[in-house]
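Here's the structure, in structure tokens; my notes come after.
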Amino acid sequence: MSVSHADSEASWSCDPKHQVPRLDFEFSAACDHKCGHCYNVWNASPGDAQAGYPKGQLPPAQFRAMMVKAVRQSGAQHITITGGEPLLRKDALDLIDLACALVPSVQLITNGSHIGPETAKRFKSAGLRSVQLTLLSADRARHDALKGATCFDDTVRAALDLRDAGVPVQVCFVAMKENWQDFEGVVELCYVLGVRNISYNRMSPTGWAIHDLDRLLPLVEQVEQNLDVAERLGPAWGIRVATAMPIPPCLIRLDRYQWVQFGFCSIGSHTPNLTIDALGNVRSCNLSANVLGNIAEQDWSQIHAQPYLHTFKKKVPEMCRGCAYEQSCQGGCKESGHATFGDLRHPEPFLWQGVHGTTPQPVAGLISIGEPPR
Amino acid sequence: MKRMQLALLAAVVLGTAGCQISVVTGVVSGLLALGTGLAFVLLGSASQTGCSGVIGPCLSIVAPEEVPSDRVPDARVPDARVPDAQLVPLVPPPDPPLSVCLSPLPPPTDAGVPRPDAHMGPCLSIAPPRKHKKVPTPPEAPLHICLSEMEIHPCLRMAPDPRDPDGAQNTPKSLDEAAVLARVMDRLPPDVAARLRRPT
């Protein structure tokens with residue numbers, strides 16, 4: 001599907017002061033899987049620090065206009081499409097076409113249950129750069145139990161459909177206390193499926209997941225053993241492994257791992273993954289419930305100038321003050337600290353557990369981080 | 001026999017190293033004992049498994065009271081590897097003991113990631129005696145001793161096994177492609193397994 005004249009010739013322009021390299025679009029809050037670790041902020045329970053996040057969806061035409069405006073005004077060159085499950089939108093394939101027409105690089109994050117051979121070919125013709133699927137185990141029953149859906153077979157079929165269509169596949173593994181031992185099996189499965197990129201994410205609780213930390217939050221040594229596996233198998237099989245969730249270097253010596261690429265929180269950096277939901281609400285990342293503004297109603301420069309983005313890096317746990325990695329690590333995932341304890345400055349659950357040796361319990365609503373601007 | 005020879009050699013080298021205890025706290029002294037014990041365990045287990053090369057890349061040792069009894073590795077297991085061996089509190093303290101120093105936290109790179117040669121903290125490293133530094137502040141629990149190729153005392157390094165210089169015999173089972181295929185295919189739906197068997 002081609003981009004309409006009105007879209008492609010939209011008069012939105014980018015203010016270089018507010019240019020960002022990428023945007024994440026959440027096509028839909030709906031999902032047909034029930035992952036225990038789900039981080040979506042709209043699933044927070046009443047009383048949680050992230051409670052009350054608005055759910056909903058702009059009508060198709062307005063959503064398209066919102067996408068074009070956001071990309072044009074932000075100057076973004078990469079789009080990540082996520083959700084919920086983005087392919088549950090009826091117009092998802094058209095929107096993917098639009099995204100691919102707007103920017104040179106588009107990635108789709110999907111649960112894999114809605115991709116067949118024809119869809120994979122459509123992705124290829126649209127020019128999708130890659131598709132990320134989630135594999136929590138190489139064992140069907142365990143994967144399906146953790147995903148809350150019968151989906152393992154769909155996911156591996158999707159990986160092959162995409163492979164056959166020539167669309168690169170990346171696999172996301174979320175390490176939890178329940179499945180960290182399955183990581184080696186997932187690496188093996190990736191090797192057999194021809195997947196050469198793994199996004200390894202230790203579970204970082206936000207949304208509803210903060211209520212199940214005892215069961216979900218992995219221990220430091222469990223993550224460490226997973227990284228050992230990545231370091232051993234990755235180079236042998238040519239599988240790149242990168243982490244998106246920050247791993248504080250005071251808990252694990254990252255320099256031990258020459259193969260694994262480690263990522264830290266991008267909020268406040270030059271490459272933030274600012275996230276826009278299906279209503280046009282803009283947030284600092286997909287784990288944050290703090291709405292900076294609405295791109296359907298406001299200009300990007302106004303939203304991007306929000307102080308939240310610029311003061312975020314100054315808020316670090318007291319225990320991290322003076323650390324050589326204070327500004328790069330920032331104590332891990334501070335949005336997770338806020339979701340769990342109500343305070344961006346509180347050590348986030350993974351850091352807390354690593355330091356104290358006990359699983360933290362969520363405490364909601366202790367400290368407000370400020371009201372949304374609207 | 002080789003294991004005993006290696007252990008004896010290590011004991012001689014350690015004994016003549018002239019190292020001194022630099023940290024006088026009881027906790028650190030205990031860790032010294034653990035570090036030395038670890039070295040012996042590694043030398044022993046490595047020689048038994050035909051492992052070659054330098055010990056590492058990094059080991060962590062937990063305080064004795066934190067070691068679960070069920071984590072003690074069985075040295076008879078052929079692929080008993082470092083991550084398990086590191087948890088064994090063994091052997092009496094060395095005499096003279098190894099030096100221990102706290103490594104300072106280095107600044108990260110411009111990209112915000114740790115430098116490849118960074119010494120992370122809180123962390124203790126076993127260093128050659130001449131590089132010993134004063135401990136500014138005892139670290140908070142849990143204590144770790146980290147040994148890496150860069151930090152480890154030269155006397156603890158091992159020469160390659162002449163019978164297996166490339167360590168080929170130590171290839172983990174999971175690197176055996178045929179075994180991997182067998183394991184994975186068995187778990188896949190039949191149609192997917194059939195597609196994978198077809199040449200692309």
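Chains: A, B, ... in order of the structure tokens. Residues: from 1 per chain. Ligands: from 1, in order shown.
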* To do: Output as a ChimeraX atom specification the set of chain A residues within 6 Å of chain B, with distances taken over only C-alpha atoms.
  => /A:189,250,255,324,328
The selected residues should be written to file as a short mmCIF file (atom, residue, chain, number, x, y, z; two decimals), in the first residue's frame (atoms: C-alpha atoms).
```cif
data_model
loop_
_atom_site.label_atom_id
_atom_site.label_comp_id
_atom_site.auth_asym_id
_atom_site.auth_seq_id
_atom_site.Cartn_x
_atom_site.Cartn_y
_atom_site.Cartn_z
CA LEU A 189 16.75 -23.55 19.03
CA CYS A 250 28.30 -3.61 40.38
CA ASP A 255 33.82 -6.74 31.14
CA ALA A 324 31.97 5.58 38.20
CA SER A 328 25.77 5.35 32.34
#
```
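The closest residue to Trp208 of chain A, picked from A:Ala244, A:Val223, A:Val103, A:Cys35 and counting only C-alpha atoms, is A:Cys35.
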So that I can see what lies close to segment 137-142 of chain A, please list as a compact mmCIF listing (two decimals) with N, CA and C atoms, in the first residue's frame the residues with an atom at most 9 Å from it, counting only C-alpha atoms and leaving out residues fewer than 6 positions away in the same chain.
```txt
# COMPACT_ATOMS: atom_id res chain seq x y z
N THR A 150 -1.34 -21.02 23.90
CA THR A 150 -0.77 -22.09 23.09
C THR A 150 -0.14 -21.46 21.86
N CYS A 151 1.14 -21.25 21.91
CA CYS A 151 1.74 -20.40 20.87
C CYS A 151 3.14 -20.83 20.44
N PHE A 152 3.73 -21.83 21.07
CA PHE A 152 5.11 -22.20 20.72
C PHE A 152 5.21 -22.59 19.26
N ASP A 153 4.31 -23.45 18.84
CA ASP A 153 4.37 -23.92 17.45
C ASP A 153 4.19 -22.75 16.47
N PHE A 173 14.56 -13.20 24.54
CA PHE A 173 14.44 -14.12 25.67
C PHE A 173 14.35 -13.27 26.93
N ASN A 179 12.49 -19.50 34.22
CA ASN A 179 12.93 -20.03 32.93
C ASN A 179 14.41 -19.76 32.61
N TRP A 180 15.16 -19.21 33.54
CA TRP A 180 16.53 -18.86 33.20
C TRP A 180 17.32 -20.09 32.74
N GLN A 181 16.95 -21.24 33.27
CA GLN A 181 17.68 -22.45 32.88
C GLN A 181 17.36 -22.88 31.45
N ASP A 182 16.35 -22.28 30.87
CA ASP A 182 15.97 -22.64 29.51
C ASP A 182 16.73 -21.84 28.46
N PHE A 183 17.57 -20.92 28.90
CA PHE A 183 18.23 -20.04 27.93
C PHE A 183 19.11 -20.82 26.95
N GLU A 184 19.86 -21.76 27.47
CA GLU A 184 20.75 -22.52 26.58
C GLU A 184 19.93 -23.25 25.51
N GLY A 185 18.81 -23.79 25.92
CA GLY A 185 17.94 -24.47 24.96
C GLY A 185 17.40 -23.50 23.90
N VAL A 186 17.10 -22.28 24.32
CA VAL A 186 16.62 -21.29 23.36
C VAL A 186 17.73 -20.90 22.38
N VAL A 187 18.96 -20.80 22.89
CA VAL A 187 20.07 -20.49 21.99
C VAL A 187 20.23 -21.62 20.97
N GLU A 188 20.12 -22.83 21.44
CA GLU A 188 20.20 -23.97 20.52
C GLU A 188 19.08 -23.92 19.48
N LEU A 189 17.88 -23.63 19.95
CA LEU A 189 16.75 -23.55 19.03
C LEU A 189 16.96 -22.45 17.99
N VAL B 184 16.81 -30.48 19.51
CA VAL B 184 15.85 -29.45 19.12
C VAL B 184 14.75 -30.04 18.24
N ARG B 187 11.76 -31.62 19.71
CA ARG B 187 10.78 -30.79 20.42
C ARG B 187 9.90 -29.98 19.47
N LEU B 188 10.24 -29.97 18.20
CA LEU B 188 9.50 -29.13 17.26
C LEU B 188 8.31 -29.87 16.68
```
